[in-house]
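A.B. asks: Input entry_30.cif, format and content: mmCIF, C-alpha atoms; chains and numbers go by the auth columns.
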data_work
loop_
_atom_site.group_PDB
_atom_site.id
_atom_site.type_symbol
_atom_site.label_atom_id
_atom_site.label_comp_id
_atom_site.label_asym_id
_atom_site.label_seq_id
_atom_site.Cartn_x
_atom_site.Cartn_y
_atom_site.Cartn_z
_atom_site.B_iso_or_equiv
_atom_site.auth_seq_id
_atom_site.auth_asym_id
ATOM 1 C CA MET A 1 -48.190 9.890 -2.176 0.00 12 C
ATOM 2 C CA ALA A 2 -49.472 8.076 0.846 0.00 13 C
ATOM 3 C CA SER A 3 -47.082 6.929 3.508 0.00 14 C
ATOM 4 C CA THR A 4 -47.028 3.197 4.004 0.00 15 C
ATOM 5 C CA ARG A 5 -45.635 0.843 6.588 0.00 16 C
ATOM 6 C CA ALA A 6 -43.286 -0.478 3.921 0.00 17 C
ATOM 7 C CA ALA A 7 -41.946 3.032 3.306 0.00 18 C
ATOM 8 C CA ILE A 8 -41.191 3.468 7.003 0.00 19 C
ATOM 9 C CA ARG A 9 -39.363 0.117 7.055 0.00 20 C
ATOM 10 C CA TYR A 10 -37.287 1.163 4.048 0.00 21 C
ATOM 11 C CA ALA A 11 -36.566 4.559 5.650 0.00 22 C
ATOM 12 C CA LYS A 12 -35.410 2.921 8.918 0.00 23 C
ATOM 13 C CA ALA A 13 -33.182 0.481 7.044 0.00 24 C
ATOM 14 C CA ILE A 14 -31.624 3.233 4.928 0.00 25 C
ATOM 15 C CA LEU A 15 -31.043 5.371 8.047 0.00 26 C
ATOM 16 C CA ASP A 16 -29.363 2.445 9.838 0.00 27 C
ATOM 17 C CA LEU A 17 -27.141 1.814 6.807 0.00 28 C
ATOM 18 C CA ALA A 18 -26.298 5.508 6.408 0.00 29 C
ATOM 19 C CA ASN A 19 -25.480 5.812 10.133 0.00 30 C
ATOM 20 C CA SER A 20 -23.207 2.777 9.983 0.00 31 C
ATOM 21 C CA LYS A 21 -21.344 4.302 7.018 0.00 32 C
ATOM 22 C CA GLY A 22 -21.271 7.788 8.580 0.00 33 C
ATOM 23 C CA VAL A 23 -23.160 9.417 5.702 0.00 34 C
ATOM 24 C CA ALA A 24 -26.590 9.963 7.323 0.00 35 C
ATOM 25 C CA GLU A 25 -26.526 13.734 6.792 0.00 36 C
ATOM 26 C CA ALA A 26 -25.549 13.436 3.120 0.00 37 C
ATOM 27 C CA VAL A 27 -28.331 10.900 2.558 0.00 38 C
ATOM 28 C CA ASN A 28 -30.751 13.232 4.395 0.00 39 C
ATOM 29 C CA ASN A 29 -29.863 16.000 1.925 0.00 40 C
ATOM 30 C CA ASP A 30 -30.451 13.548 -0.945 0.00 41 C
ATOM 31 C CA MET A 31 -33.850 12.644 0.486 0.00 42 C
ATOM 32 C CA LYS A 32 -34.772 16.321 0.825 0.00 43 C
ATOM 33 C CA SER A 33 -33.908 16.903 -2.832 0.00 44 C
ATOM 34 C CA ILE A 34 -35.924 13.814 -3.850 0.00 45 C
ATOM 35 C CA VAL A 35 -38.984 15.075 -1.951 0.00 46 C
ATOM 36 C CA SER A 36 -38.582 18.540 -3.430 0.00 47 C
ATOM 37 C CA ALA A 37 -38.164 17.207 -6.981 0.00 48 C
ATOM 38 C CA ILE A 38 -41.193 14.920 -6.741 0.00 49 C
ATOM 39 C CA GLU A 39 -43.400 17.610 -5.171 0.00 50 C
ATOM 40 C CA THR A 40 -42.465 20.353 -7.628 0.00 51 C
ATOM 41 C CA ASN A 41 -42.132 18.329 -10.837 0.00 52 C
ATOM 42 C CA GLU A 42 -45.429 16.842 -12.009 0.00 53 C
ATOM 43 C CA GLU A 43 -43.714 14.969 -14.865 0.00 54 C
ATOM 44 C CA LEU A 44 -41.340 13.206 -12.483 0.00 55 C
ATOM 45 C CA ARG A 45 -44.183 12.290 -10.108 0.00 56 C
ATOM 46 C CA THR A 46 -46.262 10.908 -12.990 0.00 57 C
ATOM 47 C CA PHE A 47 -43.261 9.034 -14.371 0.00 58 C
ATOM 48 C CA ILE A 48 -42.531 7.346 -11.019 0.00 59 C
ATOM 49 C CA LEU A 49 -46.171 6.415 -10.445 0.00 60 C
ATOM 50 C CA ASN A 50 -46.771 5.142 -14.000 0.00 61 C
ATOM 51 C CA PRO A 51 -47.284 1.360 -13.735 0.00 62 C
ATOM 52 C CA THR A 52 -46.583 0.805 -17.449 0.00 63 C
ATOM 53 C CA THR A 53 -43.048 2.214 -17.263 0.00 64 C
ATOM 54 C CA LYS A 54 -40.528 -0.566 -16.693 0.00 65 C
ATOM 55 C CA ALA A 55 -38.656 -0.581 -13.394 0.00 66 C
ATOM 56 C CA GLU A 56 -35.233 -0.534 -15.078 0.00 67 C
ATOM 57 C CA VAL A 57 -36.226 2.618 -16.987 0.00 68 C
ATOM 58 C CA LYS A 58 -37.301 4.264 -13.728 0.00 69 C
ATOM 59 C CA GLU A 59 -34.056 3.267 -12.025 0.00 70 C
ATOM 60 C CA GLY A 60 -31.969 4.609 -14.911 0.00 71 C
ATOM 61 C CA ALA A 61 -33.869 7.882 -14.960 0.00 72 C
ATOM 62 C CA LEU A 62 -33.568 8.364 -11.196 0.00 73 C
ATOM 63 C CA LEU A 63 -29.836 7.586 -11.302 0.00 74 C
ATOM 64 C CA GLU A 64 -29.475 10.209 -14.025 0.00 75 C
ATOM 65 C CA VAL A 65 -31.651 12.845 -12.321 0.00 76 C
ATOM 66 C CA PHE A 66 -29.927 12.307 -8.961 0.00 77 C
ATOM 67 C CA SER A 67 -26.449 11.587 -10.339 0.00 78 C
ATOM 68 C CA ASN A 68 -24.784 13.498 -7.470 0.00 79 C
ATOM 69 C CA ALA A 69 -26.557 11.375 -4.841 0.00 80 C
ATOM 70 C CA ASN A 70 -24.702 9.404 -2.208 0.00 81 C
ATOM 71 C CA GLY A 71 -24.008 5.705 -2.819 0.00 82 C
ATOM 72 C CA VAL A 72 -26.533 4.725 -0.138 0.00 83 C
ATOM 73 C CA THR A 73 -29.242 6.688 -1.949 0.00 84 C
ATOM 74 C CA LYS A 74 -28.304 5.052 -5.249 0.00 85 C
ATOM 75 C CA GLY A 75 -28.465 1.702 -3.448 0.00 86 C
ATOM 76 C CA LEU A 76 -32.046 2.562 -2.462 0.00 87 C
ATOM 77 C CA PHE A 77 -32.880 3.081 -6.147 0.00 88 C
ATOM 78 C CA ARG A 78 -31.419 -0.365 -6.883 0.00 89 C
ATOM 79 C CA LEU A 79 -33.429 -1.925 -4.045 0.00 90 C
ATOM 80 C CA LEU A 80 -36.640 -0.288 -5.263 0.00 91 C
ATOM 81 C CA PHE A 81 -35.862 -1.621 -8.757 0.00 92 C
ATOM 82 C CA GLU A 82 -35.418 -5.169 -7.455 0.00 93 C
ATOM 83 C CA ASN A 83 -38.634 -4.996 -5.427 0.00 94 C
ATOM 84 C CA LYS A 84 -40.585 -2.920 -7.996 0.00 95 C
ATOM 85 C CA ARG A 85 -41.592 -0.372 -5.318 0.00 96 C
ATOM 86 C CA PHE A 86 -40.727 2.984 -6.933 0.00 97 C
ATOM 87 C CA GLU A 87 -44.206 4.319 -6.135 0.00 98 C
ATOM 88 C CA ILE A 88 -43.259 4.687 -2.447 0.00 99 C
ATOM 89 C CA LEU A 89 -40.022 6.631 -3.068 0.00 100 C
ATOM 90 C CA ASP A 90 -41.557 9.927 -1.906 0.00 101 C
ATOM 91 C CA ALA A 91 -42.905 8.340 1.280 0.00 102 C
ATOM 92 C CA ILE A 92 -39.531 6.715 1.964 0.00 103 C
ATOM 93 C CA ALA A 93 -37.732 10.045 1.552 0.00 104 C
ATOM 94 C CA LEU A 94 -40.211 11.856 3.827 0.00 105 C
ATOM 95 C CA GLY A 95 -39.946 9.075 6.400 0.00 106 C
ATOM 96 C CA TYR A 96 -36.150 9.212 6.285 0.00 107 C
ATOM 97 C CA ASN A 97 -36.156 12.986 6.836 0.00 108 C
ATOM 98 C CA LYS A 98 -38.475 12.617 9.828 0.00 109 C
ATOM 99 C CA LEU A 99 -36.441 9.779 11.368 0.00 110 C
ATOM 100 C CA PHE A 100 -33.180 11.665 10.782 0.00 111 C
ATOM 101 C CA ASP A 101 -34.561 14.763 12.513 0.00 112 C
ATOM 102 C CA GLU A 102 -35.762 12.680 15.480 0.00 113 C
ATOM 103 C CA ASN A 103 -32.351 11.028 15.654 0.00 114 C
ATOM 104 C CA GLN A 104 -30.641 14.445 15.705 0.00 115 C
ATOM 105 C CA GLY A 105 -33.023 15.887 18.343 0.00 116 C
ATOM 106 C CA VAL A 106 -34.602 18.292 15.870 0.00 117 C
ATOM 107 C CA GLU A 107 -38.283 19.160 16.106 0.00 118 C
ATOM 108 C CA VAL A 108 -40.279 20.869 13.359 0.00 119 C
ATOM 109 C CA ALA A 109 -42.560 23.733 14.338 0.00 120 C
ATOM 110 C CA LYS A 110 -45.236 24.295 11.717 0.00 121 C
ATOM 111 C CA VAL A 111 -46.395 27.897 11.585 0.00 122 C
ATOM 112 C CA THR A 112 -49.452 28.583 9.449 0.00 123 C
ATOM 113 C CA THR A 113 -49.898 32.203 8.412 0.00 124 C
ATOM 114 C CA ALA A 114 -52.126 34.058 5.953 0.00 125 C
ATOM 115 C CA ILE A 115 -49.081 35.453 4.112 0.00 126 C
ATOM 116 C CA PRO A 116 -45.490 34.157 3.877 0.00 127 C
ATOM 117 C CA MET A 117 -43.300 35.014 6.878 0.00 128 C
ATOM 118 C CA ASP A 118 -40.309 37.260 6.295 0.00 129 C
ATOM 119 C CA ALA A 119 -36.908 36.543 7.857 0.00 130 C
ATOM 120 C CA ALA A 120 -37.414 38.960 10.770 0.00 131 C
ATOM 121 C CA LEU A 121 -40.755 37.430 11.778 0.00 132 C
ATOM 122 C CA GLU A 122 -39.349 33.930 11.391 0.00 133 C
ATOM 123 C CA ALA A 123 -36.483 34.827 13.743 0.00 134 C
ATOM 124 C CA LYS A 124 -38.945 36.166 16.352 0.00 135 C
ATOM 125 C CA VAL A 125 -41.100 33.029 16.111 0.00 136 C
ATOM 126 C CA LEU A 126 -38.027 30.803 16.356 0.00 137 C
ATOM 127 C CA ALA A 127 -36.851 32.636 19.491 0.00 138 C
ATOM 128 C CA LYS A 128 -40.273 32.257 21.131 0.00 139 C
ATOM 129 C CA VAL A 129 -40.658 28.608 20.124 0.00 140 C
ATOM 130 C CA ALA A 130 -37.188 27.815 21.507 0.00 141 C
ATOM 131 C CA THR A 131 -38.504 28.661 24.986 0.00 142 C
ATOM 132 C CA LEU A 132 -41.269 26.062 24.605 0.00 143 C
ATOM 133 C CA SER A 133 -39.057 23.102 23.696 0.00 144 C
ATOM 134 C CA ASP A 134 -35.664 21.829 24.777 0.00 145 C
ATOM 135 C CA LYS A 135 -35.007 20.366 21.314 0.00 146 C
ATOM 136 C CA LYS A 136 -33.448 22.119 18.353 0.00 147 C
ATOM 137 C CA ILE A 137 -36.305 23.724 16.415 0.00 148 C
ATOM 138 C CA THR A 138 -36.744 24.285 12.692 0.00 149 C
ATOM 139 C CA ILE A 139 -39.648 26.277 11.332 0.00 150 C
ATOM 140 C CA GLU A 140 -41.844 25.254 8.436 0.00 151 C
ATOM 141 C CA ASN A 141 -44.099 28.042 7.185 0.00 152 C
ATOM 142 C CA ILE A 142 -47.435 27.012 5.694 0.00 153 C
ATOM 143 C CA VAL A 143 -49.379 29.744 3.923 0.00 154 C
ATOM 144 C CA ASP A 144 -53.173 29.503 4.242 0.00 155 C
ATOM 145 C CA PRO A 145 -55.093 32.684 3.355 0.00 156 C
ATOM 146 C CA SER A 146 -58.290 31.227 4.868 0.00 157 C
ATOM 147 C CA ILE A 147 -57.038 31.957 8.412 0.00 158 C
ATOM 148 C CA ILE A 148 -57.367 35.667 7.484 0.00 159 C
ATOM 149 C CA GLY A 149 -54.618 36.813 9.888 0.00 160 C
ATOM 150 C CA GLY A 150 -52.680 35.777 12.960 0.00 161 C
ATOM 151 C CA PHE A 151 -51.036 32.354 13.058 0.00 162 C
ATOM 152 C CA ILE A 152 -51.422 28.706 14.012 0.00 163 C
ATOM 153 C CA LEU A 153 -48.395 27.136 15.718 0.00 164 C
ATOM 154 C CA ARG A 154 -48.024 23.357 15.860 0.00 165 C
ATOM 155 C CA ILE A 155 -45.146 21.646 17.663 0.00 166 C
ATOM 156 C CA GLY A 156 -45.492 17.897 17.821 0.00 167 C
ATOM 157 C CA ASP A 157 -48.966 17.174 19.196 0.00 168 C
ATOM 158 C CA ASN A 158 -49.478 20.658 20.649 0.00 169 C
ATOM 159 C CA GLN A 159 -51.261 23.386 18.724 0.00 170 C
ATOM 160 C CA TYR A 160 -51.817 27.054 19.534 0.00 171 C
ATOM 161 C CA ASN A 161 -54.394 28.745 17.312 0.00 172 C
ATOM 162 C CA ALA A 162 -54.164 32.536 17.301 0.00 173 C
ATOM 163 C CA SER A 163 -55.764 33.014 13.898 0.00 174 C
ATOM 164 C CA VAL A 164 -58.392 35.632 13.127 0.00 175 C
ATOM 165 C CA ALA A 165 -60.593 32.923 11.598 0.00 176 C
ATOM 166 C CA ASN A 166 -60.496 30.969 14.879 0.00 177 C
ATOM 167 C CA ARG A 167 -61.335 34.066 16.930 0.00 178 C
ATOM 168 C CA LEU A 168 -64.287 34.797 14.626 0.00 179 C
ATOM 169 C CA GLN A 169 -65.482 31.197 15.003 0.00 180 C
ATOM 170 C CA VAL A 170 -65.273 31.442 18.817 0.00 181 C
ATOM 171 C CA LEU A 171 -67.172 34.732 18.748 0.00 182 C
ATOM 172 C CA LYS A 172 -69.837 33.202 16.491 0.00 183 C
ATOM 173 C CA ARG A 173 -70.309 30.280 18.924 0.00 184 C
ATOM 174 C CA GLU A 174 -70.572 32.637 21.893 0.00 185 C
ATOM 175 C CA LEU A 175 -73.139 34.829 20.165 0.00 186 C
ATOM 176 C CA SER A 176 -75.236 31.858 19.046 0.00 187 C
ATOM 177 C CA ASN A 177 -75.567 30.553 22.644 0.00 188 C
#
Show the structure stored in the file as structure tokens.

C.D. replies:
Amino acid sequence: MASTRAAIRYAKAILDLANSKGVAEAVNNDMKSIVSAIETNEELRTFILNPTTKAEVKEGALLEVFSNANGVTKGLFRLLFENKRFEILDAIALGYNKLFDENQGVEVAKVTTAIPMDAALEAKVLAKVATLSDKKITIENIVDPSIIGGFILRIGDNQYNASVANRLQVLKRELSN
């Protein structure tokens, strides 16, 4: 689901409310579970995006699915019901997670590899990445077999491409000149 300016405004408002109530971390965990549920469950995603399903039915279903959610998160469901904006729930949750991480001084390092990283390799990458940034780093592993081997590291706006596919592309350009 596409991120919208409205979703960012909702995310900022929810973060401000959660911070004022001292429950920002609990709401962040709720938002992570919402993102995970919507990404992994096609039925839930279709249900939320279905324009023919009434807003009160969507609110009731979300309150049932996320019954353990914090009161602030449940308040978001109520707000989305009143404004009939359930289609941006995923974008709001993603925006909240990003804003929360920024607020906590956490930066996400995206590491693209051809195969999933094991715990030992992830620890090595985390140790190396920690020397490049003064913020607390979390690693997100993206698996893309098309890079053949090696890795692509992205921290913020900086990218280091040490993939085999990139090296082959560079070699191809050099040989064609």

A.B. asks: Might you pull out every residue within 8 Å of range 42-59 of chain C, with all atoms listed in the file counted and same-chain residues fewer than 5 positions away left off, and present them as a ChimeraX atom specification?

C.D. replies: /C:64,69,84,97-98,101,104-105,107-108

A.B. asks: Write a file of the selected residues as an mmCIF file, keeping the file's coordinate frame, keeping C-alpha atoms.

C.D. replies:
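To be explicit, this is the file written out as result.cif:
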data_model
loop_
_atom_site.group_PDB
_atom_site.id
_atom_site.type_symbol
_atom_site.label_atom_id
_atom_site.label_comp_id
_atom_site.auth_asym_id
_atom_site.auth_seq_id
_atom_site.Cartn_x
_atom_site.Cartn_y
_atom_site.Cartn_z
ATOM 1 C CA THR C 64 -43.048 2.214 -17.263
ATOM 2 C CA LYS C 69 -37.301 4.264 -13.728
ATOM 3 C CA THR C 84 -29.242 6.688 -1.949
ATOM 4 C CA PHE C 97 -40.727 2.984 -6.933
ATOM 5 C CA GLU C 98 -44.206 4.319 -6.135
ATOM 6 C CA ASP C 101 -41.557 9.927 -1.906
ATOM 7 C CA ALA C 104 -37.732 10.045 1.552
ATOM 8 C CA LEU C 105 -40.211 11.856 3.827
ATOM 9 C CA TYR C 107 -36.150 9.212 6.285
ATOM 10 C CA ASN C 108 -36.156 12.986 6.836
#

A.B. asks: Pick out the closest residue to Asn94 in chain C from this set: C:Glu113, C:Glu151, C:Glu67, C:Glu75. Count all atoms listed in the file.

C.D. replies: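 Residue with the minimum atom-to-atom distance to Asn94 in chain C: C:Glu67.
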
A.B. asks: Using the chain letters and numbers from the file, give me the residues hit by the PyMOL selection byres ((chain C and resi 158) around 7), as an MDAnalysis selection string.

C.D. replies: chainID C and resid 125 155:157 159:160 174:176

A.B. asks: Taking the file above as input, evaluate the PyMOL selection byres ((chain C and resi 152) around 12) and report the hits as a VMD selection string.

C.D. replies: chain C and resid 119 to 130 132 to 133 136 to 137 149 to 151 153 to 155 162 to 165

A.B. asks: Go through the shown structure with the PyMOL selection byres ((chain C and resi 81) around 8) and write out the matching residues as a ChimeraX atom specification.

C.D. replies: /C:37-38,41,79-80,82-85

A.B. asks: My list of candidates is C:Ala29, C:Arg184, C:Glu118, C:Leu60. Which is closest to Asp168 in chain C when distances are computed with only C-alpha atoms?

C.D. replies: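 That would be C:Glu118, the residue with the smallest distance to Asp168 in chain C.
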